[in-house]
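Q: File name work19.pdb; file contents PDB, C-alpha atoms and all ligand atoms; full text below.
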```
ATOM      1  CA  LEU A 169     -43.771 269.439 184.229
ATOM      2  CA  LEU A 170     -44.106 265.950 182.771
ATOM      3  CA  ASP A 171     -43.441 262.897 184.931
ATOM      4  CA  PRO A 172     -39.998 261.610 183.838
ATOM      5  CA  SER A 173     -40.748 258.124 185.140
ATOM      6  CA  ARG A 174     -42.966 257.790 182.032
ATOM      7  CA  PHE A 175     -40.115 258.643 179.651
ATOM      8  CA  VAL A 176     -38.603 255.924 177.476
ATOM      9  CA  VAL A 177     -35.680 257.545 175.664
ATOM     10  CA  PHE A 178     -33.936 256.137 172.582
ATOM     11  CA  ILE A 179     -30.444 257.672 172.459
ATOM     12  CA  THR A 180     -27.938 257.457 169.613
ATOM     13  CA  GLY A 181     -24.328 258.120 170.594
ATOM     14  CA  ALA A 182     -24.718 257.124 174.249
ATOM     15  CA  THR A 183     -21.153 255.789 174.608
ATOM     16  CA  SER A 184     -19.694 259.236 175.288
ATOM     17  CA  GLY A 185     -20.339 262.949 175.729
ATOM     18  CA  PHE A 186     -23.887 264.311 175.550
ATOM     19  CA  GLY A 187     -25.523 260.952 174.893
ATOM     20  CA  ALA A 188     -23.960 259.285 177.935
ATOM     21  CA  ALA A 189     -24.694 262.320 180.146
ATOM     22  CA  ALA A 190     -28.301 262.364 178.939
ATOM     23  CA  ALA A 191     -28.690 258.634 179.680
ATOM     24  CA  ARG A 192     -27.486 259.292 183.244
ATOM     25  CA  ARG A 193     -29.736 262.369 183.633
ATOM     26  CA  TYR A 194     -32.865 260.564 182.449
ATOM     27  CA  VAL A 195     -32.273 257.430 184.526
ATOM     28  CA  ALA A 196     -31.539 259.558 187.616
ATOM     29  CA  ALA A 197     -35.003 261.084 187.116
ATOM     30  CA  GLY A 198     -36.659 257.649 186.904
ATOM     31  CA  ALA A 199     -36.800 257.230 183.101
ATOM     32  CA  LYS A 200     -35.832 254.221 181.006
ATOM     33  CA  VAL A 201     -33.262 254.574 178.228
ATOM     34  CA  ILE A 202     -32.168 252.633 175.173
ATOM     35  CA  ALA A 203     -28.482 253.445 174.856
ATOM     36  CA  THR A 204     -26.874 252.913 171.443
ATOM     37  CA  GLY A 205     -23.479 253.474 169.847
ATOM     38  CA  ARG A 206     -20.781 251.457 168.143
ATOM     39  CA  ARG A 207     -18.576 250.771 171.189
ATOM     40  CA  GLN A 208     -20.091 247.732 172.876
ATOM     41  CA  ASP A 209     -17.680 247.869 175.869
ATOM     42  CA  ARG A 210     -18.809 251.410 176.703
ATOM     43  CA  LEU A 211     -22.450 250.377 176.422
ATOM     44  CA  VAL A 212     -21.916 247.448 178.788
ATOM     45  CA  GLU A 213     -20.216 249.751 181.328
ATOM     46  CA  LEU A 214     -23.089 252.238 181.094
ATOM     47  CA  GLN A 215     -25.666 249.489 181.553
ATOM     48  CA  GLU A 216     -23.791 248.162 184.599
ATOM     49  CA  GLU A 217     -23.806 251.677 186.060
ATOM     50  CA  LEU A 218     -27.477 252.436 185.337
ATOM     51  CA  GLY A 219     -28.991 248.975 185.832
ATOM     52  CA  LYS A 220     -30.471 246.545 183.307
ATOM     53  CA  GLU A 221     -33.995 247.429 184.377
ATOM     54  CA  ASN A 222     -33.386 251.086 183.399
ATOM     55  CA  CYS A 223     -30.975 250.801 180.496
ATOM     56  CA  HIS A 224     -31.259 248.596 177.425
ATOM     57  CA  ILE A 225     -28.219 248.634 175.147
ATOM     58  CA  ILE A 226     -27.805 248.093 171.414
ATOM     59  CA  ALA A 227     -24.479 248.204 169.569
ATOM     60  CA  LEU A 228     -25.358 250.136 166.454
ATOM     61  CA  ASP A 229     -23.751 252.101 163.641
ATOM     62  CA  VAL A 230     -26.321 254.711 162.613
ATOM     63  CA  ARG A 231     -24.913 254.778 159.071
ATOM     64  CA  ASP A 232     -26.211 251.246 158.550
ATOM     65  CA  ARG A 233     -29.845 251.762 157.635
ATOM     66  CA  ALA A 234     -30.781 248.062 157.752
ATOM     67  CA  ALA A 235     -29.133 247.697 161.173
ATOM     68  CA  VAL A 236     -31.044 250.697 162.536
ATOM     69  CA  GLU A 237     -34.281 249.207 161.211
ATOM     70  CA  GLN A 238     -33.544 245.774 162.730
ATOM     71  CA  ALA A 239     -32.426 247.221 166.058
ATOM     72  CA  ILE A 240     -35.649 249.176 166.434
ATOM     73  CA  ALA A 241     -37.773 246.156 165.477
ATOM     74  CA  ASP A 242     -35.991 243.996 168.101
ATOM     75  CA  ILE A 243     -36.382 246.269 171.147
ATOM     76  CA  PRO A 244     -38.089 244.274 173.930
ATOM     77  CA  ALA A 245     -40.816 245.536 176.266
ATOM     78  CA  PRO A 246     -40.920 247.763 178.251
ATOM     79  CA  PHE A 247     -38.172 249.573 176.301
ATOM     80  CA  ASP A 248     -40.209 249.461 173.077
ATOM     81  CA  ALA A 249     -42.627 252.117 174.384
ATOM     82  CA  ILE A 250     -40.281 254.884 173.198
ATOM     83  CA  ASN A 251     -41.624 258.420 173.606
ATOM     84  CA  ILE A 252     -38.396 260.457 173.326
ATOM     85  CA  VAL A 253     -35.846 260.144 170.519
ATOM     86  CA  LEU A 254     -32.478 261.764 171.157
ATOM     87  CA  ALA A 255     -30.808 261.763 167.727
ATOM     88  CA  ASN A 256     -27.405 262.756 169.004
ATOM     89  CA  ALA A 257     -24.780 260.548 167.311
ATOM     90  CA  GLY A 258     -22.498 262.662 165.205
ATOM     91  CA  LEU A 259     -18.976 263.841 164.639
ATOM     92  CA  ALA A 260     -16.640 266.367 163.069
ATOM     93  CA  LEU A 261     -13.537 265.159 161.234
ATOM     94  CA  GLY A 262     -10.668 267.471 160.416
ATOM     95  CA  LEU A 263     -10.350 271.234 160.242
ATOM     96  CA  GLN A 264      -8.613 271.668 156.886
ATOM     97  CA  PRO A 265      -9.587 274.332 154.368
ATOM     98  CA  ALA A 266     -12.186 273.079 151.882
ATOM     99  CA  ALA A 267      -9.752 272.612 148.988
ATOM    100  CA  GLU A 268      -7.520 270.370 151.152
ATOM    101  CA  ALA A 269     -10.005 268.483 153.286
ATOM    102  CA  SER A 270     -10.397 264.727 152.970
ATOM    103  CA  LEU A 271     -13.389 263.664 150.888
ATOM    104  CA  ASP A 272     -13.539 260.482 152.966
ATOM    105  CA  ASP A 273     -13.929 262.616 156.104
ATOM    106  CA  TRP A 274     -16.644 264.651 154.419
ATOM    107  CA  GLN A 275     -18.455 261.474 153.391
ATOM    108  CA  THR A 276     -18.285 260.058 156.934
ATOM    109  CA  MET A 277     -19.754 263.258 158.403
ATOM    110  CA  ILE A 278     -22.578 263.286 155.859
ATOM    111  CA  ASP A 279     -23.284 259.566 156.372
ATOM    112  CA  THR A 280     -23.375 259.942 160.162
ATOM    113  CA  ASN A 281     -24.750 263.416 160.870
ATOM    114  CA  VAL A 282     -27.254 263.504 158.016
ATOM    115  CA  SER A 283     -28.095 259.959 156.858
ATOM    116  CA  GLY A 284     -27.784 258.340 160.303
ATOM    117  CA  LEU A 285     -29.947 261.030 161.833
ATOM    118  CA  VAL A 286     -32.712 260.770 159.254
ATOM    119  CA  TYR A 287     -32.764 256.949 159.453
ATOM    120  CA  THR A 288     -33.174 257.151 163.220
ATOM    121  CA  VAL A 289     -35.886 259.777 163.176
ATOM    122  CA  ARG A 290     -37.832 258.380 160.220
ATOM    123  CA  LEU A 291     -37.847 254.832 161.597
ATOM    124  CA  LEU A 292     -38.933 255.851 165.093
ATOM    125  CA  LEU A 293     -41.560 258.467 164.235
ATOM    126  CA  PRO A 294     -44.430 256.101 163.304
ATOM    127  CA  GLY A 295     -44.171 254.376 166.695
ATOM    128  CA  LEU A 296     -44.147 257.690 168.526
ATOM    129  CA  ILE A 297     -47.300 258.754 166.686
ATOM    130  CA  ALA A 298     -49.010 255.371 167.198
ATOM    131  CA  ARG A 299     -48.352 255.591 170.952
ATOM    132  CA  GLY A 300     -50.018 258.994 171.167
ATOM    133  CA  GLY A 301     -47.087 261.348 170.786
ATOM    134  CA  GLY A 302     -43.611 262.089 172.018
ATOM    135  CA  HIS A 303     -40.552 264.232 171.470
ATOM    136  CA  VAL A 304     -37.711 264.236 168.950
ATOM    137  CA  VAL A 305     -34.525 265.991 170.057
ATOM    138  CA  THR A 306     -31.796 266.553 167.479
ATOM    139  CA  LEU A 307     -28.219 267.689 168.027
ATOM    140  CA  GLY A 308     -27.408 270.636 165.837
ATOM    141  CA  SER A 309     -24.603 273.039 166.665
ATOM    142  CA  VAL A 310     -23.677 276.698 166.661
ATOM    143  CA  ALA A 311     -21.722 275.584 163.585
ATOM    144  CA  GLY A 312     -25.051 275.165 161.794
ATOM    145  CA  GLU A 313     -25.695 278.870 162.311
ATOM    146  CA  TYR A 314     -22.261 280.514 162.137
ATOM    147  CA  ALA A 315     -19.588 279.477 159.625
ATOM    148  CA  TYR A 316     -15.946 279.147 160.688
ATOM    149  CA  PRO A 317     -12.752 278.283 158.761
ATOM    150  CA  GLY A 318     -12.297 274.551 158.249
ATOM    151  CA  GLY A 319     -15.817 273.789 159.378
ATOM    152  CA  SER A 320     -17.377 273.489 155.926
ATOM    153  CA  VAL A 321     -19.066 270.089 155.720
ATOM    154  CA  TYR A 322     -19.472 269.698 159.485
ATOM    155  CA  ALA A 323     -21.214 273.093 159.635
ATOM    156  CA  ALA A 324     -23.366 272.210 156.641
ATOM    157  CA  THR A 325     -24.490 268.917 158.195
ATOM    158  CA  LYS A 326     -25.556 270.814 161.299
ATOM    159  CA  ALA A 327     -27.458 273.366 159.190
ATOM    160  CA  PHE A 328     -29.241 270.331 157.724
ATOM    161  CA  VAL A 329     -30.087 269.074 161.217
ATOM    162  CA  LYS A 330     -31.466 272.467 162.224
ATOM    163  CA  HIS A 331     -33.694 272.779 159.174
ATOM    164  CA  PHE A 332     -34.767 269.129 159.225
ATOM    165  CA  ALA A 333     -35.933 269.568 162.821
ATOM    166  CA  LEU A 334     -37.886 272.685 161.940
ATOM    167  CA  ALA A 335     -39.332 271.141 158.790
ATOM    168  CA  ILE A 336     -40.616 267.902 160.335
ATOM    169  CA  ARG A 337     -42.583 269.949 162.855
ATOM    170  CA  SER A 338     -44.893 270.974 160.010
ATOM    171  CA  ASP A 339     -45.644 267.331 159.203
ATOM    172  CA  LEU A 340     -46.271 266.521 162.846
ATOM    173  CA  GLN A 341     -49.087 269.012 163.332
ATOM    174  CA  GLY A 342     -51.862 267.340 165.311
ATOM    175  CA  LYS A 343     -49.720 264.299 166.184
ATOM    176  CA  ASN A 344     -48.592 265.493 169.610
ATOM    177  CA  VAL A 345     -44.938 265.024 168.680
ATOM    178  CA  ARG A 346     -42.623 267.835 169.714
ATOM    179  CA  VAL A 347     -39.303 268.613 168.044
ATOM    180  CA  THR A 348     -36.346 270.458 169.548
ATOM    181  CA  ASP A 349     -32.933 271.158 168.019
ATOM    182  CA  ILE A 350     -30.202 271.597 170.640
ATOM    183  CA  GLU A 351     -27.412 273.800 169.236
ATOM    184  CA  PRO A 352     -24.365 273.877 171.527
ATOM    185  CA  GLY A 353     -21.071 275.641 171.130
ATOM    186  CA  LEU A 354     -17.799 274.813 172.883
ATOM    187  CA  THR A 355     -18.371 271.764 175.087
ATOM    188  CA  GLU A 356     -15.642 269.457 176.351
ATOM    189  CA  THR A 357     -16.358 265.850 175.343
ATOM    190  CA  GLU A 358     -14.552 263.393 173.072
ATOM    191  CA  PHE A 359     -15.670 265.591 170.151
ATOM    192  CA  SER A 360     -12.237 267.158 169.552
ATOM    193  CA  LEU A 361     -10.381 263.883 170.131
ATOM    194  CA  VAL A 362     -12.494 262.448 167.313
ATOM    195  CA  ARG A 363     -12.085 265.544 165.123
ATOM    196  CA  PHE A 364      -8.288 265.337 165.455
ATOM    197  CA  LYS A 365      -8.262 261.538 165.080
ATOM    198  CA  GLY A 366      -6.945 260.671 168.521
ATOM    199  CA  ASP A 367      -4.391 263.514 168.841
ATOM    200  CA  ALA A 368      -4.910 264.298 172.537
ATOM    201  CA  ASP A 369      -2.648 267.390 172.460
ATOM    202  CA  LYS A 370      -4.592 269.050 169.663
ATOM    203  CA  ALA A 371      -7.868 268.095 171.311
ATOM    204  CA  GLY A 372      -6.696 269.429 174.688
ATOM    205  CA  ASN A 373      -5.706 272.752 173.130
ATOM    206  CA  VAL A 374      -9.313 273.365 172.110
ATOM    207  CA  TYR A 375     -10.338 273.534 175.782
ATOM    208  CA  SER A 376      -7.159 274.695 177.527
ATOM    209  CA  GLY A 377      -7.082 278.084 179.245
ATOM    210  CA  THR A 378     -10.814 278.562 178.942
ATOM    211  CA  LYS A 379     -13.999 277.236 180.486
ATOM    212  CA  ALA A 380     -15.995 275.129 178.083
ATOM    213  CA  MET A 381     -19.471 273.797 178.777
ATOM    214  CA  THR A 382     -19.789 270.196 179.971
ATOM    215  CA  ALA A 383     -21.806 267.264 178.650
ATOM    216  CA  GLU A 384     -23.915 267.560 181.819
ATOM    217  CA  ASP A 385     -24.827 271.174 180.918
ATOM    218  CA  ILE A 386     -26.167 270.003 177.566
ATOM    219  CA  ALA A 387     -27.938 266.972 179.070
ATOM    220  CA  GLU A 388     -29.725 269.317 181.469
ATOM    221  CA  SER A 389     -31.025 271.475 178.612
ATOM    222  CA  ILE A 390     -32.243 268.371 176.762
ATOM    223  CA  PHE A 391     -33.957 267.080 179.896
ATOM    224  CA  TRP A 392     -35.572 270.467 180.541
ATOM    225  CA  ALA A 393     -36.981 270.804 177.008
ATOM    226  CA  THR A 394     -38.538 267.343 177.167
ATOM    227  CA  SER A 395     -39.955 267.866 180.666
ATOM    228  CA  LEU A 396     -42.020 270.948 179.821
ATOM    229  CA  PRO A 397     -45.807 270.514 179.611
ATOM    230  CA  GLU A 398     -47.035 268.924 176.377
ATOM    231  CA  HIS A 399     -48.475 272.156 174.981
ATOM    232  CA  VAL A 400     -45.002 273.783 174.939
ATOM    233  CA  ASN A 401     -42.584 273.112 172.058
ATOM    234  CA  VAL A 402     -39.074 274.500 172.371
ATOM    235  CA  ASN A 403     -38.021 274.808 168.712
ATOM    236  CA  LYS A 404     -34.343 275.244 169.451
ATOM    237  CA  ILE A 405     -31.890 275.928 172.238
ATOM    238  CA  GLN A 406     -28.619 277.581 171.282
ATOM    239  CA  LEU A 407     -25.974 277.490 174.017
ATOM    240  CA  MET A 408     -22.443 278.822 174.139
ATOM    241  CA  ALA A 409     -19.802 278.760 176.825
ATOM    242  CA  THR A 410     -19.712 282.194 178.458
ATOM    243  CA  THR A 411     -16.111 282.348 177.246
ATOM    244  CA  GLN A 412     -17.148 281.902 173.594
ATOM    245  CA  ALA A 413     -18.589 284.605 171.336
ATOM    246  CA  ILE A 414     -19.154 285.160 167.645
ATOM    247  CA  GLY A 415     -16.166 286.675 165.810
ATOM    248  CA  ALA A 416     -15.950 289.448 163.247
ATOM    249  CA  PHE A 417     -16.291 288.980 159.465
ATOM    250  CA  ASP A 418     -12.973 288.002 157.900
ATOM    251  CA  ILE A 419     -11.813 290.521 155.276
ATOM    252  CA  PHE A 420      -8.904 289.638 152.986
ATOM    253  CA  ARG A 421      -6.632 292.563 152.055
ATOM    254  CA  GLY A 422      -4.227 291.635 149.292
TER     255      GLY A 422
HETATM  256  P1  LIG A 501     -18.553 262.551 171.530
HETATM  257  O1  LIG A 501     -17.502 262.243 170.519
HETATM  258  O2  LIG A 501     -18.180 262.570 172.964
HETATM  259  O3  LIG A 501     -19.791 261.532 171.319
HETATM  260  C1  LIG A 501     -20.248 261.225 170.045
HETATM  261  C2  LIG A 501     -21.145 260.003 170.107
HETATM  262  O4  LIG A 501     -21.618 259.707 168.772
HETATM  263  C3  LIG A 501     -20.434 258.773 170.620
HETATM  264  O5  LIG A 501     -21.262 258.100 171.530
HETATM  265  C4  LIG A 501     -20.233 257.939 169.359
HETATM  266  O6  LIG A 501     -20.308 256.544 169.678
HETATM  267  C5  LIG A 501     -21.442 258.335 168.536
HETATM  268  N1  LIG A 501     -21.243 258.031 167.124
HETATM  269  C6  LIG A 501     -20.367 258.595 166.250
HETATM  270  N2  LIG A 501     -20.452 257.991 165.051
HETATM  271  C7  LIG A 501     -21.417 257.039 165.173
HETATM  272  C8  LIG A 501     -21.959 256.073 164.291
HETATM  273  N3  LIG A 501     -21.529 255.948 163.014
HETATM  274  N4  LIG A 501     -22.926 255.245 164.745
HETATM  275  C9  LIG A 501     -23.365 255.351 166.012
HETATM  276  N5  LIG A 501     -22.877 256.222 166.902
HETATM  277  C10 LIG A 501     -21.922 257.054 166.482
HETATM  278  O7  LIG A 501     -19.164 263.954 171.076
HETATM  279  P2  LIG A 501     -20.351 264.859 171.688
HETATM  280  O8  LIG A 501     -21.081 264.175 172.774
HETATM  281  O9  LIG A 501     -19.792 266.195 171.937
HETATM  282  O10 LIG A 501     -21.262 264.976 170.393
HETATM  283  C11 LIG A 501     -22.627 264.571 170.359
HETATM  284  C12 LIG A 501     -23.343 265.364 169.278
HETATM  285  O11 LIG A 501     -23.294 266.732 169.614
HETATM  286  C13 LIG A 501     -22.714 265.239 167.890
HETATM  287  O12 LIG A 501     -23.750 265.193 166.938
HETATM  288  C14 LIG A 501     -21.912 266.536 167.762
HETATM  289  O13 LIG A 501     -21.757 266.922 166.427
HETATM  290  C15 LIG A 501     -22.790 267.488 168.527
HETATM  291  N6  LIG A 501     -22.148 268.687 169.058
HETATM  292  C16 LIG A 501     -21.032 268.649 169.841
HETATM  293  C17 LIG A 501     -20.492 269.815 170.343
HETATM  294  C18 LIG A 501     -19.246 269.851 171.177
HETATM  295  O14 LIG A 501     -18.585 270.888 171.216
HETATM  296  N7  LIG A 501     -18.900 268.809 171.895
HETATM  297  C19 LIG A 501     -21.135 271.100 170.111
HETATM  298  C20 LIG A 501     -22.292 271.029 169.266
HETATM  299  C21 LIG A 501     -22.784 269.870 168.796
HETATM  300  P3  LIG A 501     -19.378 255.408 169.070
HETATM  301  O15 LIG A 501     -18.067 256.025 168.679
HETATM  302  O16 LIG A 501     -19.260 254.413 170.188
HETATM  303  O17 LIG A 501     -20.164 254.880 167.926
HETATM  304  C1  LIG A 502     -19.327 271.657 167.807
HETATM  305  C2  LIG A 502     -19.022 273.074 168.101
HETATM  306  O1  LIG A 502     -17.823 275.131 167.293
HETATM  307  O2  LIG A 502     -16.563 273.054 167.324
HETATM  308  O3  LIG A 502     -20.446 271.539 167.011
HETATM  309  O4  LIG A 502     -18.231 273.421 165.646
HETATM  310  S1  LIG A 502     -17.845 273.675 167.035
END
```
Is it possible to give me this structure as structure tokens?
Ligand code: NDP
Ligand code: 8X3

A:
Amino acid sequence: LLDPSRFVVFITGATSGFGAAAARRYVAAGAKVIATGRRQDRLVELQEELGKENCHIIALDVRDRAAVEQAIADIPAPFDAINIVLANAGLALGLQPAAEASLDDWQTMIDTNVSGLVYTVRLLLPGLIARGGGHVVTLGSVAGEYAYPGGSVYAATKAFVKHFALAIRSDLQGKNVRVTDIEPGLTETEFSLVRFKGDADKAGNVYSGTKAMTAEDIAESIFWATSLPEHVNVNKIQLMATTQAIGAFDIFRG
């Protein structure tokens, strides 16, 4: 396994959920992290917990291409020696049928999950290559593989993530840069609170009476994939809660 004390991990969406859990997992193993997200107060708390020598923070909206570019250019040593990119920031908004869903919600998901992700990866890849290689980890979803009612644009953005991850591997041949798409199912984070726009009851119902996965479960799979020897590339990891399975085709009978 690789020595995690040599990892410098750039994480988008580190203020909550998988990103925060991954920051903790990597620092616990001796790595350095650059934690980013829009909520500055959360970033400050995380940095206080993990230590300034291990955790550099940048308040950043991944939809703002110029801001992503500037943030990357301004990273001080030793945090600028990034060798793992965890392109994790993302969200689902709403669960309405396609003909009723909010176009603004759709636009926000596309801007964040697609545009924000490609800005992050594109802007960090040259540095990874120049430093001799590294690892890009993207956050897809089971929704990118299996369609479900009300999931339209969210699911489509995650299908984009899955195929983008697979596609960039072809361009990275010979560059020693690995790419892994992590594709989780039901995991309790702030994901549903965001999807239902702060409605804690609706969000709670998603996880009540069942046993969802945790952010720590996903962080462990991310850490594992990046710790494998350099000659091993895990293309994707699809995880579901044991309590979750794929449903039957939906047949309308008039
Ligand atoms: P959380 O809502 O807990 O965390 C999402 C993170 O993304 C937050 O840190 C948030 O930070 C950040 N984020 C959202 N929008 C932006 C933005 N415009 N700019 C920068 N950061 C942003 O959800 P999860 O941890 O569960 O989700 C992480 C990823 O995993 C997402 O891509 C999600 O789609 C995916 N996923 C989640 C699953 C689940 O069931 N939980 C399952 C499969 C995939 P802030 O608001 O501070 O900017
Ligand atoms: C999050 C999992 O099933 O809510 O990507 O879309 S799901």

Q: What does the structure give for the distance between CA of Leu285 (chain A) and CA of Ala324 (chain A), in Å to one decimal?

A: 14.0 Å

Q: Leaving out Ala257 (chain A) and any residue of its chain fewer than 4 positions from it, which residues lie within 10 Å of it when counting only C-alpha atoms, given as number ranges by chain?

A: A: 179-187, 204-206, 229-230, 280-281, 284-285, 288, 306-307

Q: Store the residues picked out above in a file with C-alpha atoms, as a JSON list (two decimals), in the frame of the given file.

A:
```json
[["chain", "number", "residue", "atom", "x", "y", "z"],
["A", 179, "ILE", "CA", -30.44, 257.67, 172.46],
["A", 180, "THR", "CA", -27.94, 257.46, 169.61],
["A", 181, "GLY", "CA", -24.33, 258.12, 170.59],
["A", 182, "ALA", "CA", -24.72, 257.12, 174.25],
["A", 183, "THR", "CA", -21.15, 255.79, 174.61],
["A", 184, "SER", "CA", -19.69, 259.24, 175.29],
["A", 185, "GLY", "CA", -20.34, 262.95, 175.73],
["A", 186, "PHE", "CA", -23.89, 264.31, 175.55],
["A", 187, "GLY", "CA", -25.52, 260.95, 174.89],
["A", 204, "THR", "CA", -26.87, 252.91, 171.44],
["A", 205, "GLY", "CA", -23.48, 253.47, 169.85],
["A", 206, "ARG", "CA", -20.78, 251.46, 168.14],
["A", 229, "ASP", "CA", -23.75, 252.10, 163.64],
["A", 230, "VAL", "CA", -26.32, 254.71, 162.61],
["A", 280, "THR", "CA", -23.38, 259.94, 160.16],
["A", 281, "ASN", "CA", -24.75, 263.42, 160.87],
["A", 284, "GLY", "CA", -27.78, 258.34, 160.30],
["A", 285, "LEU", "CA", -29.95, 261.03, 161.83],
["A", 288, "THR", "CA", -33.17, 257.15, 163.22],
["A", 306, "THR", "CA", -31.80, 266.55, 167.48],
["A", 307, "LEU", "CA", -28.22, 267.69, 168.03]]
```

Q: Show me, as a list of chain:residue names, the residues that have an atom within 12 Å of Ser395 (chain A) when counting all atoms listed in the file, minus same-chain residues fewer than 3 positions from it.

A: A:Leu169, A:Leu170, A:Asp171, A:Pro172, A:Ser173, A:Arg174, A:Phe175, A:Arg193, A:Tyr194, A:Ala197, A:Ala199, A:Asn251, A:Ile252, A:Gly302, A:His303, A:Arg346, A:Thr348, A:Glu388, A:Ser389, A:Ile390, A:Phe391, A:Trp392, A:Glu398, A:His399, A:Val400, A:Asn401, A:Val402

Q: Identify the residues around (-33.2, 248.5, 181.2) within a radius of 12 Å, measuring from all atoms listed in the file in the coordinates stated by the file, and give them as an MDAnalysis selection string.

A: chainID A and resid 176:178 191 195 198:203 211:212 214:226 243:248

Q: For ligand LIG 502 (chain A), which residue among A:Leu340, A:Val329, A:Ala227, A:Leu396 is the nearest when counting all atoms listed in the file?

A: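 Nearest candidate to ligand LIG 502 (chain A) out of A:Leu340, A:Val329, A:Ala227, A:Leu396: A:Val329.
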
Q: Between CA of Pro317 (chain A) and CA of Val374 (chain A), what distance in Å does the model show, to one decimal?

A: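 That distance, rounded to one decimal, is 14.6 Å.
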
Q: From the options A:Gly377, A:Gly422, A:Gly353, A:Gly295, which residue's atoms come nearest to Glu313 (chain A), counting only C-alpha atoms?

A: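 For Glu313 (chain A), the nearest of the given residues is A:Gly353.
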
Q: Name the residues captured by the PyMOL selection byres (((not hetatm)) within 8 of (chain A and resi 502)) when it is applied to the shown file; answer as a list in words.

A: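 That expression, the PyMOL selection byres (((not hetatm)) within 8 of (chain A and resi 502)), corresponds here to Ala260, Gly308, Ser309, Val310, Ala311, Gly312, Tyr316, Gly319, Tyr322, Ala323, Lys326, Glu351, Pro352, Gly353, Leu354, Thr355, Phe359 and Ser360 of chain A.
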
Q: To one decimal place in Å, what is the distance between atom C19 of ligand LIG 501 (chain A) and CA of Ile278 (chain A)?

A: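 So the two atoms, atom C19 of ligand LIG 501 (chain A) and CA of Ile278 (chain A), lie 16.3 Å apart.
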
Q: Enumerate, as a compact mmCIF listing (two decimals) with C-alpha atoms, keeping the file's coordinate frame, the residues matched when the PyMOL selection byres (((chain A and resi 410) around 10) and not hetatm) is run on the file above.

A:
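After the write, part-v5.txt holds the following:
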```txt
# COMPACT_ATOMS: atom_id res chain seq x y z
CA GLY A 353 -21.07 275.64 171.13
CA LEU A 354 -17.80 274.81 172.88
CA THR A 378 -10.81 278.56 178.94
CA LYS A 379 -14.00 277.24 180.49
CA ALA A 380 -16.00 275.13 178.08
CA MET A 381 -19.47 273.80 178.78
CA LEU A 407 -25.97 277.49 174.02
CA MET A 408 -22.44 278.82 174.14
CA ALA A 409 -19.80 278.76 176.82
CA THR A 411 -16.11 282.35 177.25
CA GLN A 412 -17.15 281.90 173.59
CA ALA A 413 -18.59 284.60 171.34
```

Q: Identify which of the residues A:Gly342, A:Gly318, A:Gly372, A:Gly366 lies closest to Gly262 (chain A), counting only C-alpha atoms when measuring atom-to-atom distances.

A: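 Closest residue, counting only C-alpha atoms: A:Gly318.
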
Q: Point out the residue among A:Val305, A:Gly300, A:Val289, A:Ala383 with the least atom-to-atom distance to ligand LIG 501 (chain A), counting all atoms listed in the file.

A: A:Ala383

Q: Select, from A:Arg290, A:Arg363, A:Arg421, A:His331, the residue with the minimum atom-to-atom distance to ligand LIG 501 (chain A), counting only C-alpha atoms and all ligand atoms.

A: A:Arg363

Q: Using all atoms listed in the file, can you tell me which of A:Ile386, A:Ala371, A:Ala189, A:Leu259 comes closest to Asp279 (chain A)?

A: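 So, comparing all the options, the nearest one is A:Leu259.
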